[in-house]
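Encoded as structure tokens, the structure appears first; notes follow it.
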Amino acid sequence: MSNHVLEFPGGYTRSVGPVIGRFLSELRDGRLVGVRTRGGRVIFPPTEYDPDSGEAVTSEYVEVGPVGTVESWSWVGEPLASHPLDRPFAWALIKPDGADTAMVHVVDLGPFERGAKPPNFLKAGMRVRPRFRGERTGGIGDIEAFLPEVTMINAPSRLEFDLKPGHALDRFLEGISEGRILGHRCDVCGKVMVPMKGLCSSDGVPTTEEVEVADTGTVTTFAVNNIPDPRAPAVPFVSAYVLLDGADGAMLTLVAGIPADQVRMGMRVKAVWKPREEWGATISNIRWFEPSGEPDASFESIKDYT
Amino acid sequence: MRDVAIVAFAQTHHSATDQGASETELLLPLFQDVKSRTGIKRFGFTCSGSCDYLIGAPFSFVSALDAVGAWPPISESHVEMDGAWALYEAWVKLQHGDIDTALVYGFGKPSQGSLREIMTRQLDPYYLAPLGADQVSLAALQARAYLDSSGAKEDDLLAIAARSRRDGRDNPYALHLDDPAGDTAYDVAPLRAHDVAPDADGAAVIVLATGDRARELCERPAWIRGIDHRADAHSLGARDLSRSESTRIAGLKAGARDIEVAELHAQFSHEELILREALNLSDEVRINPSGGPLAANPVMATGLIRLGEAAARIHDGSANRTLGHATSGPCLQQNLVCVLSGETNG
């Protein structure tokens, strides 16, 4: 804690002179102006002198921006109490269109957790424009911050349905709600389809012969997913086709209980069921499949399903 | 021009935390040290550099004079800048010809406040200070501009921090800091904690003398062969932050060539790269063998210490032509270059 404070209570009053005064007055009106030098350059924010030559500037004020380009930036992940924003933000040198010099100001890139690293879209060349305060007083803080130009929108997107599984899938889910995995055997080709559709997609004939298959099987192929999914344990997670023992078609499911980079074709897996009291008529009764510990199946045994 | 040399240099064991000593108490042993080494009780001129804002008290530099022994009244001056600029004033005074010795010192105790926010008070009061733009944030803007324009990477900054800390551990006066890790969190990106000079409480004292007086006082005086300082525009948006034109001109005017050792007042890793380019220092030049500011930053003495360390390499015979650099203002705004030689005609 401090035991000594150096402060002008209420702030330190300064006269600003005609050049800075013009800039601040225009700023209060919501406009950015620079001042022209005798050499024709536009100094922004205006100074009384040309920073290169030291000559007095002309009395010609030029409206610039409001859009400008970020020339350099720094990223404050842990804002101080004396900083203009209390969440992570960027400082930037911003050169408004039409100006020849840049200004230091704040770029607000939206909400970030304290300690966040700089976002990768923060780059020199980024186009930004000022967000003016509603109540302006004629100070550099009349611009609350610069914001990136709009390059993307986020539109609501949602439809609601009441889906019915149909007769065959209803029966399959009934089996699942009892802890059994059911399929149909085709009268023509003899293959067992899990889950059943009430038809053989190879032969185009109706199927009715119900068969129960095991909750163990073999991974035929898989994918490593890096986009989070509420059903999956964590990122990265593995989705895989599993050929259940006794079935002739692989079923899409999650594989867990093993690092993603160790999953392989031919790996033997076993269903992990949720606790019985959580079961319903839904495939999510099976949380995912985990390695069963058996030796891998040969490629020969799964080659027709990959 | 009169030949002027650095004949004595003393500094405190800099500390990252308050050790209980006031600024005056930090200085007193250093004055006693150089007085006993040179045998001088009264100097022709005394000049100091410090910043009253560091402790938020007006004329705090006047108390420091008590440690010099200023009665009967002495010829004295003060700059509200790093002590390196006090040395410049003393050098000019010695050129007048009426005196032949000068005492120069710089001191700071940043442990009592927030240096990066105190430094906001030195900024233009219309456009910059009201925003609360702090020293490290602005330095990081310059770092970004330099990295973007030069193609240098953050690893290049890490290498500078690592070398500085390694050298600092061999310097009894510097802080002894661990090797930096590349995955250290950002302070203000792209600068990480090790890229920012660690604030320290400390002080330094230098004695200047002319011609034969210098030869009497010091076995191997470090002769000032050139000294110059230049400033860039204050407004950061009005200059090219990726280079330092003021350093380039000051180096040219001071005769910065054939340098063996350079002590650079780089308070942030990237500043060393900008300064090396501006001074055209080849890879052969040993940079900051003391560890430099990245190993201890006793504010307002740090620049003076660069000149003292550059002189010490000549005093101990390890180099014959060295360079000391000091800086002031945001993002290397103002730069002083001092070229030292073991020979009066070097």
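If you're wondering about the labels, chains in the structure tokens are A, B, ... by order shown, residues count from 1 in each chain, ligands from 1 in order shown.
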
Write down as an MDAnalysis selection string the residues of segment 199-242 of chain B whose backbone DSSP state falls under helix (DSSP H, G or I). chainID B and resid 211:217 236:238

What are the residues of chain B lining chain A at 10 Å or less? Count only C-alpha atoms, and put the answer as number ranges by chain. B: 53, 55-57, 112-113, 117, 120, 125-134, 136-148, 185-191, 232-242

Pull C-alpha atoms from the residues just selected and write them as a compact mmCIF listing (two decimals), in the first residue's frame.
# COMPACT_ATOMS: atom_id res chain seq x y z
CA TYR B 53 9.23 11.73 -9.82
CA ILE B 55 10.00 9.23 -5.13
CA GLY B 56 7.37 11.87 -5.89
CA ALA B 57 9.13 14.61 -3.93
CA GLN B 112 9.15 2.87 -4.10
CA GLY B 113 6.73 3.29 -7.01
CA GLU B 117 3.57 4.41 -14.78
CA THR B 120 4.03 8.14 -18.35
CA PRO B 125 0.52 15.81 -21.84
CA TYR B 126 -2.13 16.29 -24.55
CA TYR B 127 -2.10 13.15 -26.67
CA LEU B 128 -0.20 10.47 -24.76
CA ALA B 129 -0.17 10.94 -20.99
CA PRO B 130 -4.00 11.18 -20.67
CA LEU B 131 -4.33 7.77 -22.32
CA GLY B 132 -2.22 6.17 -19.59
CA ALA B 133 0.27 4.81 -22.12
CA ASP B 134 3.02 3.33 -19.94
CA VAL B 136 6.62 -0.89 -21.32
CA SER B 137 3.55 -0.67 -23.59
CA LEU B 138 5.26 1.93 -25.76
CA ALA B 139 8.53 -0.04 -25.85
CA ALA B 140 6.52 -3.05 -27.00
CA LEU B 141 5.11 -0.95 -29.86
CA GLN B 142 8.69 -0.27 -30.92
CA ALA B 143 9.63 -3.93 -30.54
CA ARG B 144 6.75 -4.93 -32.83
CA ALA B 145 7.73 -2.31 -35.40
CA TYR B 146 11.34 -3.55 -35.33
CA LEU B 147 10.45 -7.25 -35.53
CA ASP B 148 8.07 -6.60 -38.43
CA ALA B 185 4.50 -15.17 -20.20
CA TYR B 186 4.30 -11.92 -22.11
CA ASP B 187 4.60 -8.70 -20.16
CA VAL B 188 3.27 -6.45 -22.90
CA ALA B 189 3.49 -8.54 -26.10
CA PRO B 190 5.82 -9.00 -27.90
CA LEU B 191 7.99 -8.34 -24.83
CA ASP B 232 14.27 12.31 -32.34
CA ALA B 233 10.72 13.67 -32.46
CA HIS B 234 8.81 13.00 -29.25
CA SER B 235 5.69 11.90 -31.12
CA LEU B 236 6.08 8.18 -31.75
CA GLY B 237 3.90 8.33 -34.85
CA ALA B 238 6.10 10.98 -36.45
CA ARG B 239 9.20 8.77 -36.58
CA ASP B 240 10.21 5.37 -37.89
CA LEU B 241 10.27 3.35 -34.69
CA SER B 242 12.21 0.49 -36.27

Determine the nearest neighbour of Leu177 of chain B from the options B:Leu158, B:Ile227, B:Ile314, B:Ala295, counting only C-alpha atoms. B:Ala295

Can you pull out the residues contacting Val213 of chain A? Cut-off 12 Å, using only C-alpha atoms, and skip same-chain residues under 4 positions away; I want them as an MDAnalysis selection string. chainID A and resid 172 175:176 179:185 192:196 217 243:249

Can you spit out the residues from that selection as a JSON list (two decimals), in the first residue's frame, using C-alpha atoms?
[["chain", "number", "residue", "atom", "x", "y", "z"],
["A", 172, "PHE", "CA", -33.04, -50.95, -32.33],
["A", 175, "GLY", "CA", -32.93, -53.04, -27.62],
["A", 176, "ILE", "CA", -30.39, -50.43, -26.58],
["A", 179, "GLY", "CA", -28.62, -53.09, -22.98],
["A", 180, "ARG", "CA", -28.77, -55.16, -26.15],
["A", 181, "ILE", "CA", -27.43, -54.34, -29.60],
["A", 182, "LEU", "CA", -29.76, -55.62, -32.30],
["A", 183, "GLY", "CA", -29.45, -56.05, -36.05],
["A", 184, "HIS", "CA", -31.20, -57.71, -38.98],
["A", 185, "ARG", "CA", -29.89, -60.60, -41.06],
["A", 192, "VAL", "CA", -26.12, -58.68, -40.43],
["A", 193, "MET", "CA", -26.86, -54.93, -40.51],
["A", 194, "VAL", "CA", -26.40, -52.95, -37.27],
["A", 195, "PRO", "CA", -28.34, -50.81, -36.62],
["A", 196, "MET", "CA", -30.98, -52.33, -38.84],
["A", 217, "GLY", "CA", -15.66, -55.15, -31.97],
["A", 243, "LEU", "CA", -17.24, -53.54, -36.69],
["A", 244, "LEU", "CA", -19.14, -55.25, -33.89],
["A", 245, "ASP", "CA", -18.53, -58.98, -33.46],
["A", 246, "GLY", "CA", -21.36, -60.73, -35.29],
["A", 247, "ALA", "CA", -22.21, -57.72, -37.50],
["A", 248, "ASP", "CA", -21.36, -57.16, -41.14],
["A", 249, "GLY", "CA", -21.42, -53.34, -41.18]]

Could you pull the residues within 6 Å of Pro130 of chain A, counting only C-alpha atoms, minus those fewer than 2 positions along the same chain, as a VMD selection string? chain A and resid 132 145 to 146

Give me, as JSON, numbers by chain, all polymer residues having an atom no more than 12 Å from segment 159-176 of chain B, counting only C-alpha atoms and skipping those fewer than 6 positions away in the same chain. {"B": [10, 11, 12, 13, 14, 15, 16, 17, 152, 153, 182, 191, 192, 193, 194, 195, 196, 197, 198, 199, 200, 201, 202, 203, 204, 263, 264, 266, 267, 268, 269, 270, 271, 272, 273, 286, 287, 288, 289, 290, 291, 292, 293, 294, 295, 296, 297, 298, 302, 305, 309]}

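On the backbone of this structure, DSSP gives strand (DSSP E) within segment 110-188 of chain A to Arg127, Val128, Arg129, Pro130, Arg131, Phe132, Ile143, Glu144, Ala145, Phe146, Leu147, Pro148, Ile181, Leu182, Gly183, His184 and Arg185 of chain A.
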
For the residues in the current selection, export N, CA, C and O atoms as a PDB file, in the first residue's frame.
ATOM      1  N   ARG A 127      -7.136  -2.655 -40.351  1.00  0.00           N
ATOM      2  CA  ARG A 127      -7.892  -1.420 -40.541  1.00  0.00           C
ATOM      3  C   ARG A 127      -8.818  -1.207 -39.341  1.00  0.00           C
ATOM      4  O   ARG A 127      -9.531  -2.129 -38.928  1.00  0.00           O
ATOM      5  N   VAL A 128      -8.756  -0.023 -38.794  1.00  0.00           N
ATOM      6  CA  VAL A 128      -9.536   0.267 -37.577  1.00  0.00           C
ATOM      7  C   VAL A 128     -10.232   1.614 -37.711  1.00  0.00           C
ATOM      8  O   VAL A 128      -9.836   2.466 -38.512  1.00  0.00           O
ATOM      9  N   ARG A 129     -11.286   1.788 -36.938  1.00  0.00           N
ATOM     10  CA  ARG A 129     -11.940   3.110 -36.901  1.00  0.00           C
ATOM     11  C   ARG A 129     -12.342   3.451 -35.478  1.00  0.00           C
ATOM     12  O   ARG A 129     -12.517   2.559 -34.652  1.00  0.00           O
ATOM     13  N   PRO A 130     -12.435   4.746 -35.181  1.00  0.00           N
ATOM     14  CA  PRO A 130     -12.648   5.138 -33.782  1.00  0.00           C
ATOM     15  C   PRO A 130     -14.067   4.854 -33.299  1.00  0.00           C
ATOM     16  O   PRO A 130     -15.028   4.957 -34.065  1.00  0.00           O
ATOM     17  N   ARG A 131     -14.161   4.489 -32.030  1.00  0.00           N
ATOM     18  CA  ARG A 131     -15.462   4.480 -31.341  1.00  0.00           C
ATOM     19  C   ARG A 131     -15.459   5.725 -30.452  1.00  0.00           C
ATOM     20  O   ARG A 131     -14.710   5.817 -29.480  1.00  0.00           O
ATOM     21  N   PHE A 132     -16.284   6.688 -30.821  1.00  0.00           N
ATOM     22  CA  PHE A 132     -16.355   7.933 -30.052  1.00  0.00           C
ATOM     23  C   PHE A 132     -17.259   7.744 -28.845  1.00  0.00           C
ATOM     24  O   PHE A 132     -18.234   6.998 -28.901  1.00  0.00           O
ATOM     25  N   ILE A 143     -12.139   9.610 -27.948  1.00  0.00           N
ATOM     26  CA  ILE A 143     -12.155   8.318 -28.636  1.00  0.00           C
ATOM     27  C   ILE A 143     -11.960   7.282 -27.540  1.00  0.00           C
ATOM     28  O   ILE A 143     -10.935   7.266 -26.868  1.00  0.00           O
ATOM     29  N   GLU A 144     -12.982   6.443 -27.373  1.00  0.00           N
ATOM     30  CA  GLU A 144     -12.885   5.432 -26.317  1.00  0.00           C
ATOM     31  C   GLU A 144     -11.823   4.405 -26.714  1.00  0.00           C
ATOM     32  O   GLU A 144     -11.009   3.992 -25.896  1.00  0.00           O
ATOM     33  N   ALA A 145     -11.861   4.030 -27.977  1.00  0.00           N
ATOM     34  CA  ALA A 145     -10.902   3.065 -28.510  1.00  0.00           C
ATOM     35  C   ALA A 145     -11.131   2.997 -30.011  1.00  0.00           C
ATOM     36  O   ALA A 145     -12.156   3.495 -30.507  1.00  0.00           O
ATOM     37  N   PHE A 146     -10.183   2.406 -30.720  1.00  0.00           N
ATOM     38  CA  PHE A 146     -10.399   2.080 -32.125  1.00  0.00           C
ATOM     39  C   PHE A 146     -10.869   0.631 -32.203  1.00  0.00           C
ATOM     40  O   PHE A 146     -10.455  -0.216 -31.399  1.00  0.00           O
ATOM     41  N   LEU A 147     -11.760   0.380 -33.156  1.00  0.00           N
ATOM     42  CA  LEU A 147     -12.267  -0.982 -33.349  1.00  0.00           C
ATOM     43  C   LEU A 147     -11.893  -1.456 -34.744  1.00  0.00           C
ATOM     44  O   LEU A 147     -11.817  -0.652 -35.668  1.00  0.00           O
ATOM     45  N   PRO A 148     -11.670  -2.761 -34.897  1.00  0.00           N
ATOM     46  CA  PRO A 148     -11.384  -3.272 -36.237  1.00  0.00           C
ATOM     47  C   PRO A 148     -12.547  -2.991 -37.182  1.00  0.00           C
ATOM     48  O   PRO A 148     -13.703  -2.972 -36.746  1.00  0.00           O
ATOM     49  N   ILE A 181     -27.667 -54.945 -28.291  1.00  0.00           N
ATOM     50  CA  ILE A 181     -27.431 -54.337 -29.602  1.00  0.00           C
ATOM     51  C   ILE A 181     -28.012 -55.281 -30.650  1.00  0.00           C
ATOM     52  O   ILE A 181     -27.573 -56.431 -30.779  1.00  0.00           O
ATOM     53  N   LEU A 182     -29.025 -54.779 -31.359  1.00  0.00           N
ATOM     54  CA  LEU A 182     -29.762 -55.624 -32.296  1.00  0.00           C
ATOM     55  C   LEU A 182     -29.439 -55.261 -33.736  1.00  0.00           C
ATOM     56  O   LEU A 182     -29.106 -54.125 -34.048  1.00  0.00           O
ATOM     57  N   GLY A 183     -29.583 -56.270 -34.619  1.00  0.00           N
ATOM     58  CA  GLY A 183     -29.445 -56.046 -36.054  1.00  0.00           C
ATOM     59  C   GLY A 183     -30.397 -56.959 -36.812  1.00  0.00           C
ATOM     60  O   GLY A 183     -31.153 -57.723 -36.203  1.00  0.00           O
ATOM     61  N   HIS A 184     -30.391 -56.839 -38.119  1.00  0.00           N
ATOM     62  CA  HIS A 184     -31.195 -57.713 -38.982  1.00  0.00           C
ATOM     63  C   HIS A 184     -30.286 -58.496 -39.901  1.00  0.00           C
ATOM     64  O   HIS A 184     -29.343 -57.920 -40.454  1.00  0.00           O
ATOM     65  N   ARG A 185     -30.618 -59.809 -40.067  1.00  0.00           N
ATOM     66  CA  ARG A 185     -29.893 -60.603 -41.062  1.00  0.00           C
ATOM     67  C   ARG A 185     -30.689 -60.619 -42.371  1.00  0.00           C
ATOM     68  O   ARG A 185     -31.893 -60.773 -42.357  1.00  0.00           O
TER      69      ARG A 185
END

Extract, using only C-alpha atoms, all DNA, RNA and protein residues at most 8 Å from Thr344 of chain B, discarding same-chain residues fewer than 6 positions from it, and format them as a PDB file with N, CA, C and O atoms, in the first residue's frame.
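Final output, saved to around.pdb:
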ATOM      1  N   ASP B   3      41.766  17.607 -23.399  1.00  0.00           N
ATOM      2  CA  ASP B   3      41.620  16.166 -23.195  1.00  0.00           C
ATOM      3  C   ASP B   3      40.984  15.935 -21.822  1.00  0.00           C
ATOM      4  O   ASP B   3      41.513  16.406 -20.802  1.00  0.00           O
ATOM      5  N   TRP B 223      40.159   8.168 -21.948  1.00  0.00           N
ATOM      6  CA  TRP B 223      40.006   9.495 -22.548  1.00  0.00           C
ATOM      7  C   TRP B 223      38.733   9.572 -23.374  1.00  0.00           C
ATOM      8  O   TRP B 223      38.438   8.679 -24.162  1.00  0.00           O
ATOM      9  N   ARG B 225      37.109  10.540 -26.388  1.00  0.00           N
ATOM     10  CA  ARG B 225      37.533  10.941 -27.728  1.00  0.00           C
ATOM     11  C   ARG B 225      36.397  11.589 -28.505  1.00  0.00           C
ATOM     12  O   ARG B 225      36.632  12.250 -29.513  1.00  0.00           O
TER      13      ARG B 225
END
